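Visitor: Just passing along the structure, written as structure tokens.
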Amino acid sequence: MTPYSTTTAPASGPAPARFLLLGDSHAGPIGRAAKAAGIPFHGGPIGAGREFTAEFFDVRGDDIVFRKTEADRYYRRFLAELDTPSLGALTVPLVSTLGFSVHFVATAENWKVYRVRGAFPPGFLASRQFDGIVSAMSRGALAFYRQARRLGLRTLAVMPPQRVPDHADTEVFLAAQDTLRRALLALGAEIVDLRGRATDSTGRQRPELCEPNDTIHGNLAFGRMILADLLARGL
């Protein structure tokens, strides 16, 4: 077990929760930062990022049901801690990292067919075709945010650490996250985008914001940056 596969939740206390955190392993540093800072919230990681791309939930009235039993169990527990019967009854903002594990979308082997003599055709990564492919691969995540917005929830999606593991195509990673960002903005979600502050001159995550001995995640310092952004937005 790692800090990213466990649920992060606040200690009990009289202060009301400021937000519900639902995410994959990238939610771990956010939850740890909030807990360390004494910021009341409920939620945390509910599964691995690869589980939240294609369809992963069903709509039930003003609520959703996660298809994976473990994810739904975590979700139900978080709602109970908030004394909230359903997602539609949520009275605090929803903060989520779901859908932004784009290193899965960017798996290099899946994109070789689109390369010509080793390179993508000019304009491909900015094309409607590319956007359509990424949106289709991430349709479950987009449906999740669409449903949250339909329910009238203030919804904040957190972009991932700028770390590209060896199995992923860097060009696709960078372009795919922008495709998802545009799609979520069109749905009315707010985007927590720290790329301008968290990256170096190459566009990669600064080392001091990376989890050591790990090729994907941000660390507690990165979580603190995200938390500061959330608090600046009034959460």
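Going by the structure tokens order, chains are called A, B, ..., each with residues numbered from 1, while ligands are numbered from 1 in the order shown.
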Select from range 41-146 of chain A every residue with an atom at most 12 Å from any atom of range 164-180 of chain A, then for each give the shortest pair of atoms and their distance in Å to one decimal, using only C-alpha atoms, rows by chain and rising number, as JSON lines.
Guide:
```
{"residue": "A:Thr53", "atom": "CA", "partner": "A:Leu180", "partner_atom": "CA", "distance": 11.4}
{"residue": "A:Thr97", "atom": "CA", "partner": "A:Leu180", "partner_atom": "CA", "distance": 11.8}
{"residue": "A:Leu98", "atom": "CA", "partner": "A:Leu180", "partner_atom": "CA", "distance": 11.1}
{"residue": "A:Gly99", "atom": "CA", "partner": "A:Leu180", "partner_atom": "CA", "distance": 8.2}
{"residue": "A:Phe100", "atom": "CA", "partner": "A:Gln177", "partner_atom": "CA", "distance": 6.9}
{"residue": "A:Ser101", "atom": "CA", "partner": "A:Gln177", "partner_atom": "CA", "distance": 8.9}
{"residue": "A:Val102", "atom": "CA", "partner": "A:Phe173", "partner_atom": "CA", "distance": 6.0}
{"residue": "A:His103", "atom": "CA", "partner": "A:Ala168", "partner_atom": "CA", "distance": 5.6}
{"residue": "A:Phe104", "atom": "CA", "partner": "A:Ala168", "partner_atom": "CA", "distance": 7.2}
{"residue": "A:Val105", "atom": "CA", "partner": "A:Phe173", "partner_atom": "CA", "distance": 7.5}
{"residue": "A:Ala106", "atom": "CA", "partner": "A:Ala168", "partner_atom": "CA", "distance": 5.1}
{"residue": "A:Thr107", "atom": "CA", "partner": "A:Ala168", "partner_atom": "CA", "distance": 4.2}
{"residue": "A:Ala108", "atom": "CA", "partner": "A:Asp169", "partner_atom": "CA", "distance": 4.6}
{"residue": "A:Glu109", "atom": "CA", "partner": "A:His167", "partner_atom": "CA", "distance": 8.0}
{"residue": "A:Asn110", "atom": "CA", "partner": "A:Asp169", "partner_atom": "CA", "distance": 9.3}
{"residue": "A:Trp111", "atom": "CA", "partner": "A:Asp169", "partner_atom": "CA", "distance": 7.9}
{"residue": "A:Lys112", "atom": "CA", "partner": "A:Asp169", "partner_atom": "CA", "distance": 9.4}
{"residue": "A:Tyr114", "atom": "CA", "partner": "A:Val172", "partner_atom": "CA", "distance": 11.0}
{"residue": "A:Arg115", "atom": "CA", "partner": "A:Val172", "partner_atom": "CA", "distance": 11.4}
{"residue": "A:Gly118", "atom": "CA", "partner": "A:Asp169", "partner_atom": "CA", "distance": 11.9}
{"residue": "A:Ala119", "atom": "CA", "partner": "A:Glu171", "partner_atom": "CA", "distance": 10.2}
{"residue": "A:Phe120", "atom": "CA", "partner": "A:Glu171", "partner_atom": "CA", "distance": 9.3}
{"residue": "A:Gly123", "atom": "CA", "partner": "A:Ala175", "partner_atom": "CA", "distance": 11.2}
{"residue": "A:Phe124", "atom": "CA", "partner": "A:Ala175", "partner_atom": "CA", "distance": 10.0}
{"residue": "A:Leu125", "atom": "CA", "partner": "A:Ala175", "partner_atom": "CA", "distance": 6.2}
{"residue": "A:Ala126", "atom": "CA", "partner": "A:Ala175", "partner_atom": "CA", "distance": 7.4}
{"residue": "A:Ser127", "atom": "CA", "partner": "A:Thr179", "partner_atom": "CA", "distance": 9.9}
{"residue": "A:Arg128", "atom": "CA", "partner": "A:Thr179", "partner_atom": "CA", "distance": 9.8}
{"residue": "A:Gln129", "atom": "CA", "partner": "A:Thr179", "partner_atom": "CA", "distance": 11.1}
{"residue": "A:Phe130", "atom": "CA", "partner": "A:Ala176", "partner_atom": "CA", "distance": 8.2}
{"residue": "A:Asp131", "atom": "CA", "partner": "A:Thr179", "partner_atom": "CA", "distance": 5.9}
{"residue": "A:Gly132", "atom": "CA", "partner": "A:Thr179", "partner_atom": "CA", "distance": 9.0}
{"residue": "A:Ile133", "atom": "CA", "partner": "A:Ala176", "partner_atom": "CA", "distance": 9.4}
{"residue": "A:Val134", "atom": "CA", "partner": "A:Ala176", "partner_atom": "CA", "distance": 6.3}
{"residue": "A:Ser135", "atom": "CA", "partner": "A:Leu180", "partner_atom": "CA", "distance": 7.2}
{"residue": "A:Ala136", "atom": "CA", "partner": "A:Leu180", "partner_atom": "CA", "distance": 10.8}
{"residue": "A:Met137", "atom": "CA", "partner": "A:Ala176", "partner_atom": "CA", "distance": 10.3}
{"residue": "A:Ser138", "atom": "CA", "partner": "A:Leu180", "partner_atom": "CA", "distance": 8.2}
{"residue": "A:Arg139", "atom": "CA", "partner": "A:Leu180", "partner_atom": "CA", "distance": 10.1}
{"residue": "A:Gly140", "atom": "CA", "partner": "A:Leu180", "partner_atom": "CA", "distance": 12.0}
{"residue": "A:Ala141", "atom": "CA", "partner": "A:Leu180", "partner_atom": "CA", "distance": 9.4}
{"residue": "A:Leu142", "atom": "CA", "partner": "A:Leu180", "partner_atom": "CA", "distance": 8.1}
{"residue": "A:Ala143", "atom": "CA", "partner": "A:Leu180", "partner_atom": "CA", "distance": 11.9}
{"residue": "A:Tyr145", "atom": "CA", "partner": "A:Leu180", "partner_atom": "CA", "distance": 11.0}
```
Visitor: With N, CA and C atoms retained, could you export that selection as a tab-separated table (two decimals), in the first residue's frame?
Guide:
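Result file selection.tsv:
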```tsv
chain	number	residue	atom	x	y	z
A	53	THR	N	-11.53	6.30	-16.89
A	53	THR	CA	-11.48	6.86	-18.25
A	53	THR	C	-12.75	6.49	-19.00
A	97	THR	N	-9.68	14.82	-9.21
A	97	THR	CA	-8.58	14.56	-10.14
A	97	THR	C	-8.97	13.51	-11.18
A	98	LEU	N	-10.19	13.01	-11.13
A	98	LEU	CA	-10.60	11.94	-12.02
A	98	LEU	C	-10.48	12.39	-13.48
A	99	GLY	N	-9.93	11.51	-14.31
A	99	GLY	CA	-9.80	11.80	-15.73
A	99	GLY	C	-8.48	12.40	-16.13
A	100	PHE	N	-7.71	12.91	-15.16
A	100	PHE	CA	-6.47	13.57	-15.50
A	100	PHE	C	-5.24	12.70	-15.29
A	101	SER	N	-5.41	11.39	-15.22
A	101	SER	CA	-4.25	10.49	-15.28
A	101	SER	C	-3.95	10.25	-16.76
A	102	VAL	N	-3.53	11.32	-17.45
A	102	VAL	CA	-3.42	11.25	-18.90
A	102	VAL	C	-2.26	10.39	-19.38
A	103	HIS	N	-1.40	9.95	-18.48
A	103	HIS	CA	-0.35	9.04	-18.93
A	103	HIS	C	-0.95	7.72	-19.42
A	104	PHE	N	-2.16	7.37	-18.96
A	104	PHE	CA	-2.83	6.18	-19.50
A	104	PHE	C	-3.34	6.44	-20.91
A	105	VAL	N	-3.96	7.59	-21.10
A	105	VAL	CA	-4.43	7.97	-22.43
A	105	VAL	C	-3.26	8.05	-23.41
A	106	ALA	N	-2.10	8.51	-22.90
A	106	ALA	CA	-0.94	8.75	-23.74
A	106	ALA	C	-0.05	7.53	-23.93
A	107	THR	N	-0.50	6.35	-23.54
A	107	THR	CA	0.32	5.15	-23.73
A	107	THR	C	0.86	5.09	-25.16
A	108	ALA	N	2.17	5.11	-25.31
A	108	ALA	CA	2.80	5.31	-26.62
A	108	ALA	C	2.38	4.27	-27.65
A	109	GLU	N	2.24	3.03	-27.24
A	109	GLU	CA	1.91	1.95	-28.18
A	109	GLU	C	0.59	2.23	-28.92
A	110	ASN	N	-0.35	2.90	-28.22
A	110	ASN	CA	-1.66	3.16	-28.82
A	110	ASN	C	-1.62	4.23	-29.89
A	111	TRP	N	-0.55	5.01	-29.92
A	111	TRP	CA	-0.49	6.15	-30.83
A	111	TRP	C	0.46	5.95	-32.00
A	112	LYS	N	1.14	4.81	-32.06
A	112	LYS	CA	2.08	4.55	-33.15
A	112	LYS	C	1.41	4.56	-34.51
A	114	TYR	N	-0.77	6.43	-35.61
A	114	TYR	CA	-1.03	7.79	-36.12
A	114	TYR	C	0.25	8.50	-36.54
A	115	ARG	N	1.40	7.89	-36.32
A	115	ARG	CA	2.67	8.49	-36.71
A	115	ARG	C	3.05	8.08	-38.13
A	118	GLY	N	7.60	7.95	-37.97
A	118	GLY	CA	8.01	8.29	-36.61
A	118	GLY	C	7.49	9.59	-36.06
A	119	ALA	N	6.80	10.39	-36.87
A	119	ALA	CA	6.31	11.69	-36.40
A	119	ALA	C	4.82	11.83	-36.69
A	120	PHE	N	4.15	12.60	-35.83
A	120	PHE	CA	2.75	12.89	-36.10
A	120	PHE	C	2.65	13.88	-37.26
A	123	GLY	N	-0.07	19.37	-37.34
A	123	GLY	CA	-1.40	19.76	-36.90
A	123	GLY	C	-2.23	18.67	-36.26
A	124	PHE	N	-1.74	17.43	-36.28
A	124	PHE	CA	-2.55	16.33	-35.76
A	124	PHE	C	-2.92	16.52	-34.29
A	125	LEU	N	-1.96	16.93	-33.47
A	125	LEU	CA	-2.21	17.04	-32.03
A	125	LEU	C	-3.12	18.21	-31.68
A	126	ALA	N	-3.39	19.08	-32.64
A	126	ALA	CA	-4.32	20.19	-32.42
A	126	ALA	C	-5.59	20.02	-33.24
A	127	SER	N	-5.80	18.82	-33.76
A	127	SER	CA	-6.90	18.59	-34.69
A	127	SER	C	-8.17	18.11	-33.98
A	128	ARG	N	-9.28	18.23	-34.69
A	128	ARG	CA	-10.54	17.68	-34.19
A	128	ARG	C	-10.46	16.17	-34.05
A	129	GLN	N	-9.71	15.55	-34.95
A	129	GLN	CA	-9.55	14.10	-34.87
A	129	GLN	C	-8.90	13.71	-33.54
A	130	PHE	N	-7.81	14.39	-33.20
A	130	PHE	CA	-7.12	14.09	-31.95
A	130	PHE	C	-8.05	14.35	-30.76
A	131	ASP	N	-8.72	15.50	-30.75
A	131	ASP	CA	-9.65	15.80	-29.66
A	131	ASP	C	-10.72	14.72	-29.54
A	132	GLY	N	-11.20	14.25	-30.68
A	132	GLY	CA	-12.24	13.22	-30.66
A	132	GLY	C	-11.74	11.91	-30.08
A	133	ILE	N	-10.51	11.55	-30.42
A	133	ILE	CA	-9.94	10.30	-29.90
A	133	ILE	C	-9.77	10.39	-28.38
A	134	VAL	N	-9.19	11.51	-27.93
A	134	VAL	CA	-8.96	11.68	-26.49
A	134	VAL	C	-10.29	11.72	-25.74
A	135	SER	N	-11.26	12.42	-26.29
A	135	SER	CA	-12.56	12.53	-25.64
A	135	SER	C	-13.25	11.17	-25.56
A	136	ALA	N	-13.09	10.37	-26.62
A	136	ALA	CA	-13.68	9.03	-26.61
A	136	ALA	C	-13.00	8.14	-25.57
A	137	MET	N	-11.68	8.25	-25.47
A	137	MET	CA	-10.95	7.45	-24.49
A	137	MET	C	-11.27	7.88	-23.07
A	138	SER	N	-11.64	9.14	-22.88
A	138	SER	CA	-11.91	9.70	-21.54
A	138	SER	C	-13.40	9.95	-21.33
A	139	ARG	N	-14.24	9.27	-22.08
A	139	ARG	CA	-15.67	9.57	-22.07
A	139	ARG	C	-16.31	9.40	-20.70
A	140	GLY	N	-15.82	8.43	-19.93
A	140	GLY	CA	-16.40	8.24	-18.60
A	140	GLY	C	-16.11	9.40	-17.68
A	141	ALA	N	-14.88	9.90	-17.73
A	141	ALA	CA	-14.51	11.05	-16.90
A	141	ALA	C	-15.30	12.29	-17.31
A	142	LEU	N	-15.42	12.52	-18.62
A	142	LEU	CA	-16.19	13.68	-19.08
A	142	LEU	C	-17.65	13.57	-18.66
A	143	ALA	N	-18.20	12.36	-18.70
A	143	ALA	CA	-19.58	12.16	-18.26
A	143	ALA	C	-19.73	12.44	-16.77
A	145	TYR	N	-17.98	14.63	-14.92
A	145	TYR	CA	-18.01	16.08	-14.70
A	145	TYR	C	-19.30	16.69	-15.27
```
Visitor: Could you pull out the helix (DSSP H, G or I) residues of range 3-234 of chain A, going by DSSP on the backbone, and write them as an NGL selection string?
Guide: :A and (27-37 or 49-52 or 69-81 or 87-89 or 102-105 or 108-114 or 124-126 or 128-137 or 139-150 or 170-187 or 195-198 or 207-209 or 220-232)
Visitor: What's around Leu153 in chain A at 8 Å? Count only C-alpha atoms, leave out sequence neighbours fewer than 6 positions away in its own chain, and write the answer as JSON, numbers by chain.
Guide: {"A": [88, 90, 91, 92, 93, 94]}
Visitor: Please produce a file of the residues just selected, as a tab-separated table (two decimals), in the first residue's frame, where the atoms kept are N, CA and C atoms.
Guide:
```tsv
chain	number	residue	atom	x	y	z
A	88	GLY	N	-26.20	14.94	-5.56
A	88	GLY	CA	-27.01	16.11	-5.85
A	88	GLY	C	-27.34	16.95	-4.64
A	90	LEU	N	-25.14	17.58	-2.29
A	90	LEU	CA	-23.89	18.12	-1.78
A	90	LEU	C	-23.96	19.64	-1.67
A	91	THR	N	-23.52	20.19	-0.55
A	91	THR	CA	-23.58	21.63	-0.33
A	91	THR	C	-22.20	22.29	-0.30
A	92	VAL	N	-21.15	21.49	-0.52
A	92	VAL	CA	-19.78	22.03	-0.60
A	92	VAL	C	-19.24	21.74	-1.99
A	93	PRO	N	-18.19	22.43	-2.42
A	93	PRO	CA	-17.63	22.18	-3.75
A	93	PRO	C	-17.07	20.76	-3.88
A	94	LEU	N	-17.09	20.28	-5.11
A	94	LEU	CA	-16.49	19.00	-5.46
A	94	LEU	C	-15.13	19.26	-6.10
```
Visitor: Identify which of the residues A:Leu151, A:Leu209, A:Phe19, A:Val65 lies closest to Arg233 in chain A, counting only C-alpha atoms when measuring atom-to-atom distances.
Guide: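 Nearest to Arg233 in chain A: A:Phe19.
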Visitor: CA of Arg149 in chain A and CA of Asp193 in chain A, how far apart in Å?
Guide: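 Result for CA of Asp193 in chain A versus CA of Arg149 in chain A: 19.1 Å, one decimal.
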Visitor: Near Leu22 in chain A, within 10 Å and counting only C-alpha atoms, which residues show up once chain neighbours fewer than 6 positions away are dropped, as a PyMOL selection string?
Guide: chain A and resi 7+28+31+42-47+71+74-75+78+94-98+157
Visitor: Would you pick out the contacts of range 214-222 of chain A at 9 Å or less, using only C-alpha atoms, so that residues sharing its chain but fewer than 5 positions from it are not included, and give the list as a list in words?
Guide: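 Within the cut-off, the hits are Tyr4, Ser25, His26, Gly28, Pro29, Ile30, Arg32, Ala33, His103, Pro160, Pro161, Gln162, Arg163, Val164, Pro165, Asp166, Ala198, Gln205, Glu208, Leu209 and Leu227 of chain A.
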Visitor: With distances taken over only C-alpha atoms, which residue among A:Leu156, A:Cys210, A:Ala148, A:Leu79 lies nearest Leu235 in chain A?
Guide: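 Using only C-alpha atoms, Leu235 in chain A sits closest to A:Leu156.
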Visitor: Just give me the gap between CA of Ala189 in chain A and CA of Leu87 in chain A in Å, one decimal is fine.
Guide: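 Those two atoms sit 15.8 Å apart.
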Visitor: Which residue is closest to Asp62 in chain A? Choose from A:Ala89, A:Val192, A:Ile226, A:Val158 and count only C-alpha atoms.
Guide: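 Answer, going by the shortest atom-to-atom distance: A:Ala89.
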Visitor: Skipping near chain neighbours, those fewer than 3 positions away, what residues fall within 9 Å of Arg197 in chain A using only C-alpha atoms, listed as number ranges by chain?
Guide: A: 194, 200, 206
Visitor: One decimal, in Å: what's the spacing between CA of Lys35 in chain A and CA of Glu190 in chain A?
Guide: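 CA of Glu190 in chain A lies at a distance of 22.6 Å from CA of Lys35 in chain A.
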